[in-house]
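A.B. asks: For reference, the structure I am asking about is given below.
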Amino acid sequence: MLGNLQADMSRQGVNTSQKGCCSACEKPIVGQVITALGKTWHPEHFTCSHCTQELGTRNFFERDGKPYCENDYHNLFSPRCAYCNGPILDKCVTALEKTWHMEHFFCAQCGKQFGDEGFHEREGKPYCRDDYFDMFAPKCGACNRAIMENYISALNAQWHPDCFVCRDCKQAVQGKSFYAVEGKPVCPKCIGVDEEEEEEEE
């Protein structure tokens, strides 16, 4: 009966020659055919391996020889953003052993994106330079601002070199003898001791 139908259609000018076997159902393909992944398919059988939605002529991705719709491919196989957990479809930042959308790699404290100065890390979180030092750097015993570079360690505290001055006259005491009064350095002159007397005592 099928042979008679083919003959009748051929007489009417309709080509009914077999175009291969469908990779999904293994039956002959007559009519529309999709060729993809080196195989032939009935259009209704060329479907996403995950959601089984017909792919037809839409964009698709291949993984391990199987077709996937765009949405499922990205949800299943694209790297995930460490901030929003969404799939990363375009450019990304790889830092702290994680991947991030470009717009989601920012300071964990202030939310500012990182520029040329880069970032600092603490407990797996990225911070801008200002916030990192404000939050985690030791503070100066005089001005209470973060110490970012050189410092003097004295009187159970750290000090900016410019801040290590006599409590009373504000003159530098670095490299000189001083007295401790209420946790602050005071020069011998302000205490009322001559430096010469001090030298004699030694």
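Chains: A, B, ... in order of the structure tokens. Residues: from 1 per chain. Ligands: from 1, in order shown.
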Pull the strand (DSSP E) assignments for region 58-187 of chain A out of DSSP run on the backbone, and list those residues as an MDAnalysis selection string.

C.D. replies: chainID A and resid 60:63 66:69 92:95 98:101 120:122 125:127 152:154 157:159 179:181 184:186

A.B. asks: Excluding Asp64 (chain A) and its own-chain neighbours fewer than 5 positions away, which residues fall within 12 Å of it when counting only C-alpha atoms? Please give them as a list in words.

C.D. replies: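 In the requested format, the answer is Leu37, Ser49, Tyr73 and Phe77 of chain A.
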
A.B. asks: Near region 100-103 of chain A, within 6 Å and counting only C-alpha atoms, which residues show up once chain neighbours fewer than 4 positions away are dropped, as a VMD selection string?

C.D. replies: chain A and resid 81 to 82 92 to 93

A.B. asks: Chain A: which residues are helix (DSSP H, G or I) by DSSP, as a PyMOL selection string?

C.D. replies: chain A and resi 2-11+43-45+70-77+102-104+129-136+161-163+188-191+195-201

A.B. asks: What's around Phe61 (chain A) at 8 Å? Count only C-alpha atoms, leave out sequence neighbours fewer than 4 positions away in its own chain, and write the answer as a ChimeraX atom specification.

C.D. replies: /A:67-70,73

A.B. asks: Quick one: everything within 12 Å of Lys66 (chain A), counting only C-alpha atoms, minus sequence neighbours fewer than 5 positions away in the same chain. Send it as a PyMOL selection string.

C.D. replies: chain A and resi 23-24+36-39+46-50+52+60-61+73

A.B. asks: Keeping only N, CA and C atoms, write the selected residues as a PDB file, in the first residue's frame.

C.D. replies:
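As a result, again.pdb now contains:
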ATOM      1  N   SER A  23      17.399   9.874  13.683  1.00  0.00           N
ATOM      2  CA  SER A  23      18.309   9.457  14.752  1.00  0.00           C
ATOM      3  C   SER A  23      17.561   9.139  16.043  1.00  0.00           C
ATOM      4  N   ALA A  24      16.381   9.720  16.221  1.00  0.00           N
ATOM      5  CA  ALA A  24      15.611   9.491  17.445  1.00  0.00           C
ATOM      6  C   ALA A  24      14.736   8.238  17.349  1.00  0.00           C
ATOM      7  N   ALA A  36      21.627  17.761  11.824  1.00  0.00           N
ATOM      8  CA  ALA A  36      22.378  18.419  12.899  1.00  0.00           C
ATOM      9  C   ALA A  36      23.206  17.377  13.627  1.00  0.00           C
ATOM     10  N   LEU A  37      24.331  17.788  14.140  1.00  0.00           N
ATOM     11  CA  LEU A  37      25.218  16.913  14.904  1.00  0.00           C
ATOM     12  C   LEU A  37      25.631  15.683  14.106  1.00  0.00           C
ATOM     13  N   GLY A  38      25.700  15.848  12.776  1.00  0.00           N
ATOM     14  CA  GLY A  38      26.113  14.749  11.901  1.00  0.00           C
ATOM     15  C   GLY A  38      25.053  13.682  11.735  1.00  0.00           C
ATOM     16  N   LYS A  39      23.803  13.987  12.076  1.00  0.00           N
ATOM     17  CA  LYS A  39      22.704  13.017  11.993  1.00  0.00           C
ATOM     18  C   LYS A  39      21.501  13.668  11.323  1.00  0.00           C
ATOM     19  N   PHE A  46      13.773  16.299  16.797  1.00  0.00           N
ATOM     20  CA  PHE A  46      15.008  17.006  17.148  1.00  0.00           C
ATOM     21  C   PHE A  46      14.675  17.924  18.316  1.00  0.00           C
ATOM     22  N   THR A  47      14.899  17.411  19.544  1.00  0.00           N
ATOM     23  CA  THR A  47      14.461  18.101  20.764  1.00  0.00           C
ATOM     24  C   THR A  47      15.626  18.283  21.736  1.00  0.00           C
ATOM     25  N   CYS A  48      15.407  19.184  22.680  1.00  0.00           N
ATOM     26  CA  CYS A  48      16.382  19.429  23.748  1.00  0.00           C
ATOM     27  C   CYS A  48      16.491  18.167  24.602  1.00  0.00           C
ATOM     28  N   SER A  49      17.709  17.769  24.900  1.00  0.00           N
ATOM     29  CA  SER A  49      17.933  16.560  25.702  1.00  0.00           C
ATOM     30  C   SER A  49      17.460  16.713  27.136  1.00  0.00           C
ATOM     31  N   HIS A  50      17.250  17.951  27.584  1.00  0.00           N
ATOM     32  CA  HIS A  50      16.833  18.162  28.969  1.00  0.00           C
ATOM     33  C   HIS A  50      15.321  18.389  29.085  1.00  0.00           C
ATOM     34  N   THR A  52      13.070  18.460  26.459  1.00  0.00           N
ATOM     35  CA  THR A  52      12.400  17.800  25.320  1.00  0.00           C
ATOM     36  C   THR A  52      11.584  18.750  24.429  1.00  0.00           C
ATOM     37  N   PHE A  60      20.789  26.119  19.117  1.00  0.00           N
ATOM     38  CA  PHE A  60      20.944  25.082  20.127  1.00  0.00           C
ATOM     39  C   PHE A  60      22.429  24.914  20.409  1.00  0.00           C
ATOM     40  N   PHE A  61      22.723  24.241  21.527  1.00  0.00           N
ATOM     41  CA  PHE A  61      24.099  23.952  21.908  1.00  0.00           C
ATOM     42  C   PHE A  61      24.255  22.444  22.018  1.00  0.00           C
ATOM     43  N   TYR A  73      20.979  24.758  28.301  1.00  0.00           N
ATOM     44  CA  TYR A  73      22.431  24.633  28.215  1.00  0.00           C
ATOM     45  C   TYR A  73      23.106  25.571  29.221  1.00  0.00           C
TER      46      TYR A  73
END

A.B. asks: If you measure from CA of Glu62 (chain A) to CA of Lys19 (chain A), what distance in Å do you get, rounded to one decimal?

C.D. replies: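 Those two atoms sit 23.0 Å apart.
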